[in-house]
Amino acid sequence: MSRPRLVAQGLSVGPPPGWEASIYRRPPSPGEQTFAVLHAATVPLPHTRGDYGGGLVETLGPDDAFVSMLDFGAAAAGSELFAARGLPGLTPDMFRPKQLQRVLRGQAGVQRFFSAGGRAFCLYTVIGSYANRLTLCSRANQVIGSIRVEALPAVAEG
């Protein structure tokens, strides 16, 4: 029996068994514009967590993984940073302990920027064990492979 897809903010994900996922958009502060954030993890998603997994990645064990995909909007999609097209797959050799937002003993991460559906994204993935990166990379790619991005309708200015 297949699990239902989670759909929100022009994104969808079909998390495999053993994963939790959410898609949300933070309420903006005055003068700020926010975009969609997709989180998936093999540990429970705490109610309060940072866009890059702060408050969650600290709980990862050696068999756990966390995937975050942050939308930076349509305006950034044409920039050099987001020039790669389509959701990237990951390889075990991409993971590095020093690619974490904050270095945590034993963990490793990878960050990739790309555009899809006319939108710019950052894919940030953390694994609980660098030594177990072959298996954990495969698990993360299961989630990443299930993500779909829809182009959002243009919003009229004014």
# chains A, B, ... in the order shown; residues from 1 in each chain; ligands from 1
call {"tool": "select_by_dssp", "arguments": {"residues": "segment 89-125 of chain A", "states": "strand (DSSP E)", "output": "list in words"}}
result
Ala108, Gly109, Val110, Gln111, Arg112, Phe113, Phe114, Ser115, Ala116, Arg119, Ala120, Phe121, Cys122, Leu123, Tyr124 and Thr125 of chain A
call {"tool": "residues_around", "arguments": {"residues": "Leu70 of chain A", "least_positions_apart": "5", "cutoff": "10 Å", "atoms": "only C-alpha atoms", "output": "PyMOL selection string"}}
result
chain A and resi 23+25+34-39+51-52+113+120-124
call {"tool": "select_by_dssp", "arguments": {"residues": "segment 5-99 of chain A", "states": "helix (DSSP H, G or I)", "output": "list in words"}}
result
Val57, Glu58, Thr59, Ala75, Ala76, Ala77, Gly78, Glu80, Leu81, Phe82, Pro92, Asp93, Met94, Pro97, Lys98 and Gln99 of chain A
call {"tool": "residues_around", "arguments": {"residues": "segment 85-100 of chain A", "least_positions_apart": "4", "cutoff": "9 Å", "atoms": "only C-alpha atoms", "output": "NGL selection string"}}
result
:A and (104-117 or 121 or 123-127 or 130 or 133-138 or 140-141 or 144-145 or 147-149)
call {"tool": "atom_distance", "arguments": {"atom1": "atom CA of Gly128 of chain A", "atom2": "atom CA of Gly53 of chain A"}}
result
12.5 Å
call {"tool": "closest_residue", "arguments": {"among": "A:Asp71, A:Glu150, A:Asp64, A:Glu80", "to": "Trp19 of chain A", "atoms": "only C-alpha atoms"}}
result
A:Asp64
call {"tool": "residues_around", "arguments": {"residues": "Ala40 of chain A", "least_positions_apart": "6", "cutoff": "7 Å", "atoms": "only C-alpha atoms", "output": "NGL selection string"}}
result
:A and (19-22 or 66-68)
call {"tool": "write_last_selection", "arguments": {"atoms": "N, CA and C atoms", "output": "PDB file, in the first residue's frame"}}
result
ATOM      1  N   TRP A  19       9.885   7.636   7.487  1.00  0.00           N
ATOM      2  CA  TRP A  19      10.192   9.061   7.334  1.00  0.00           C
ATOM      3  C   TRP A  19       8.979   9.889   7.719  1.00  0.00           C
ATOM      4  N   GLU A  20       9.233  11.052   8.302  1.00  0.00           N
ATOM      5  CA  GLU A  20       8.204  12.075   8.504  1.00  0.00           C
ATOM      6  C   GLU A  20       8.525  13.218   7.564  1.00  0.00           C
ATOM      7  N   ALA A  21       7.496  13.909   7.088  1.00  0.00           N
ATOM      8  CA  ALA A  21       7.722  15.038   6.193  1.00  0.00           C
ATOM      9  C   ALA A  21       6.730  16.149   6.480  1.00  0.00           C
ATOM     10  N   SER A  22       7.133  17.372   6.139  1.00  0.00           N
ATOM     11  CA  SER A  22       6.227  18.516   6.228  1.00  0.00           C
ATOM     12  C   SER A  22       6.633  19.533   5.165  1.00  0.00           C
ATOM     13  N   PHE A  66      18.293  13.636   7.289  1.00  0.00           N
ATOM     14  CA  PHE A  66      17.408  14.796   7.230  1.00  0.00           C
ATOM     15  C   PHE A  66      17.576  15.449   5.867  1.00  0.00           C
ATOM     16  N   VAL A  67      16.457  15.782   5.232  1.00  0.00           N
ATOM     17  CA  VAL A  67      16.454  16.465   3.938  1.00  0.00           C
ATOM     18  C   VAL A  67      15.641  17.745   4.085  1.00  0.00           C
ATOM     19  N   SER A  68      16.243  18.856   3.668  1.00  0.00           N
ATOM     20  CA  SER A  68      15.559  20.141   3.672  1.00  0.00           C
ATOM     21  C   SER A  68      15.645  20.724   2.268  1.00  0.00           C
TER      22      SER A  68
END
call {"tool": "atom_distance", "arguments": {"atom1": "atom CA of His47 of chain A", "atom2": "atom CA of Leu6 of chain A"}}
result
17.0 Å
call {"tool": "decode", "arguments": {"residues": "segment 67-99 of chain A", "atoms": "N, CA and C atoms", "output": "PDB file, in the first residue's frame"}}
result
ATOM      1  N   VAL A  67      16.457  15.782   5.232  1.00  0.00           N
ATOM      2  CA  VAL A  67      16.454  16.465   3.938  1.00  0.00           C
ATOM      3  C   VAL A  67      15.641  17.745   4.085  1.00  0.00           C
ATOM      4  N   SER A  68      16.243  18.856   3.668  1.00  0.00           N
ATOM      5  CA  SER A  68      15.559  20.141   3.672  1.00  0.00           C
ATOM      6  C   SER A  68      15.645  20.724   2.268  1.00  0.00           C
ATOM      7  N   MET A  69      14.538  21.243   1.768  1.00  0.00           N
ATOM      8  CA  MET A  69      14.538  21.926   0.485  1.00  0.00           C
ATOM      9  C   MET A  69      13.871  23.273   0.691  1.00  0.00           C
ATOM     10  N   LEU A  70      14.654  24.329   0.492  1.00  0.00           N
ATOM     11  CA  LEU A  70      14.179  25.685   0.728  1.00  0.00           C
ATOM     12  C   LEU A  70      13.984  26.411  -0.587  1.00  0.00           C
ATOM     13  N   ASP A  71      12.824  27.005  -0.738  1.00  0.00           N
ATOM     14  CA  ASP A  71      12.470  27.775  -1.927  1.00  0.00           C
ATOM     15  C   ASP A  71      12.965  29.213  -1.736  1.00  0.00           C
ATOM     16  N   PHE A  72      13.687  29.725  -2.733  1.00  0.00           N
ATOM     17  CA  PHE A  72      14.156  31.110  -2.703  1.00  0.00           C
ATOM     18  C   PHE A  72      13.393  31.979  -3.697  1.00  0.00           C
ATOM     19  N   GLY A  73      12.337  31.442  -4.309  1.00  0.00           N
ATOM     20  CA  GLY A  73      11.460  32.231  -5.157  1.00  0.00           C
ATOM     21  C   GLY A  73      11.856  32.282  -6.614  1.00  0.00           C
ATOM     22  N   ALA A  74      10.938  32.777  -7.416  1.00  0.00           N
ATOM     23  CA  ALA A  74      11.121  32.855  -8.868  1.00  0.00           C
ATOM     24  C   ALA A  74      12.181  33.878  -9.265  1.00  0.00           C
ATOM     25  N   ALA A  75      12.293  34.973  -8.534  1.00  0.00           N
ATOM     26  CA  ALA A  75      13.247  36.018  -8.910  1.00  0.00           C
ATOM     27  C   ALA A  75      14.686  35.517  -8.866  1.00  0.00           C
ATOM     28  N   ALA A  76      14.999  34.604  -7.965  1.00  0.00           N
ATOM     29  CA  ALA A  76      16.364  34.078  -7.834  1.00  0.00           C
ATOM     30  C   ALA A  76      16.664  32.978  -8.845  1.00  0.00           C
ATOM     31  N   ALA A  77      15.629  32.425  -9.471  1.00  0.00           N
ATOM     32  CA  ALA A  77      15.820  31.270 -10.363  1.00  0.00           C
ATOM     33  C   ALA A  77      16.757  31.565 -11.528  1.00  0.00           C
ATOM     34  N   GLY A  78      16.852  32.796 -11.962  1.00  0.00           N
ATOM     35  CA  GLY A  78      17.714  33.126 -13.080  1.00  0.00           C
ATOM     36  C   GLY A  78      19.145  33.456 -12.692  1.00  0.00           C
ATOM     37  N   SER A  79      19.453  33.444 -11.399  1.00  0.00           N
ATOM     38  CA  SER A  79      20.789  33.839 -10.957  1.00  0.00           C
ATOM     39  C   SER A  79      21.802  32.714 -11.144  1.00  0.00           C
ATOM     40  N   GLU A  80      23.067  33.084 -11.139  1.00  0.00           N
ATOM     41  CA  GLU A  80      24.151  32.118 -11.347  1.00  0.00           C
ATOM     42  C   GLU A  80      24.159  31.032 -10.267  1.00  0.00           C
ATOM     43  N   LEU A  81      23.903  31.396  -9.018  1.00  0.00           N
ATOM     44  CA  LEU A  81      23.916  30.425  -7.931  1.00  0.00           C
ATOM     45  C   LEU A  81      22.938  29.278  -8.178  1.00  0.00           C
ATOM     46  N   PHE A  82      21.789  29.584  -8.766  1.00  0.00           N
ATOM     47  CA  PHE A  82      20.736  28.591  -8.979  1.00  0.00           C
ATOM     48  C   PHE A  82      20.676  28.123 -10.442  1.00  0.00           C
ATOM     49  N   ALA A  83      21.785  28.210 -11.166  1.00  0.00           N
ATOM     50  CA  ALA A  83      21.810  27.903 -12.601  1.00  0.00           C
ATOM     51  C   ALA A  83      21.544  26.429 -12.919  1.00  0.00           C
ATOM     52  N   ALA A  84      21.919  25.514 -12.041  1.00  0.00           N
ATOM     53  CA  ALA A  84      21.673  24.083 -12.292  1.00  0.00           C
ATOM     54  C   ALA A  84      20.168  23.859 -12.423  1.00  0.00           C
ATOM     55  N   ARG A  85      19.781  22.996 -13.351  1.00  0.00           N
ATOM     56  CA  ARG A  85      18.354  22.747 -13.602  1.00  0.00           C
ATOM     57  C   ARG A  85      17.939  21.378 -13.075  1.00  0.00           C
ATOM     58  N   GLY A  86      16.848  21.355 -12.361  1.00  0.00           N
ATOM     59  CA  GLY A  86      16.278  20.102 -11.879  1.00  0.00           C
ATOM     60  C   GLY A  86      16.841  19.671 -10.536  1.00  0.00           C
ATOM     61  N   LEU A  87      16.027  18.942  -9.829  1.00  0.00           N
ATOM     62  CA  LEU A  87      16.370  18.442  -8.505  1.00  0.00           C
ATOM     63  C   LEU A  87      17.565  17.494  -8.611  1.00  0.00           C
ATOM     64  N   PRO A  88      18.649  17.775  -7.881  1.00  0.00           N
ATOM     65  CA  PRO A  88      19.845  16.933  -8.005  1.00  0.00           C
ATOM     66  C   PRO A  88      19.717  15.636  -7.216  1.00  0.00           C
ATOM     67  N   GLY A  89      20.329  14.592  -7.730  1.00  0.00           N
ATOM     68  CA  GLY A  89      20.529  13.384  -6.946  1.00  0.00           C
ATOM     69  C   GLY A  89      21.845  13.545  -6.197  1.00  0.00           C
ATOM     70  N   LEU A  90      21.996  12.833  -5.110  1.00  0.00           N
ATOM     71  CA  LEU A  90      23.202  12.928  -4.304  1.00  0.00           C
ATOM     72  C   LEU A  90      24.025  11.653  -4.428  1.00  0.00           C
ATOM     73  N   THR A  91      25.334  11.785  -4.251  1.00  0.00           N
ATOM     74  CA  THR A  91      26.222  10.633  -4.212  1.00  0.00           C
ATOM     75  C   THR A  91      26.945  10.645  -2.863  1.00  0.00           C
ATOM     76  N   PRO A  92      27.353   9.483  -2.374  1.00  0.00           N
ATOM     77  CA  PRO A  92      28.011   9.437  -1.062  1.00  0.00           C
ATOM     78  C   PRO A  92      29.241  10.335  -0.959  1.00  0.00           C
ATOM     79  N   ASP A  93      29.978  10.501  -2.064  1.00  0.00           N
ATOM     80  CA  ASP A  93      31.189  11.321  -2.005  1.00  0.00           C
ATOM     81  C   ASP A  93      30.901  12.820  -1.904  1.00  0.00           C
ATOM     82  N   MET A  94      29.646  13.234  -2.060  1.00  0.00           N
ATOM     83  CA  MET A  94      29.285  14.646  -1.902  1.00  0.00           C
ATOM     84  C   MET A  94      29.225  15.063  -0.433  1.00  0.00           C
ATOM     85  N   PHE A  95      29.002  14.109   0.458  1.00  0.00           N
ATOM     86  CA  PHE A  95      28.831  14.422   1.880  1.00  0.00           C
ATOM     87  C   PHE A  95      30.176  14.714   2.529  1.00  0.00           C
ATOM     88  N   ARG A  96      30.197  15.788   3.316  1.00  0.00           N
ATOM     89  CA  ARG A  96      31.409  16.197   4.026  1.00  0.00           C
ATOM     90  C   ARG A  96      31.017  16.722   5.415  1.00  0.00           C
ATOM     91  N   PRO A  97      31.817  16.382   6.428  1.00  0.00           N
ATOM     92  CA  PRO A  97      31.525  16.905   7.775  1.00  0.00           C
ATOM     93  C   PRO A  97      31.534  18.436   7.831  1.00  0.00           C
ATOM     94  N   LYS A  98      32.377  19.091   7.049  1.00  0.00           N
ATOM     95  CA  LYS A  98      32.475  20.555   7.116  1.00  0.00           C
ATOM     96  C   LYS A  98      31.444  21.260   6.235  1.00  0.00           C
ATOM     97  N   GLN A  99      30.541  20.517   5.602  1.00  0.00           N
ATOM     98  CA  GLN A  99      29.470  21.152   4.827  1.00  0.00           C
ATOM     99  C   GLN A  99      28.208  21.346   5.660  1.00  0.00           C
TER     100      GLN A  99
END
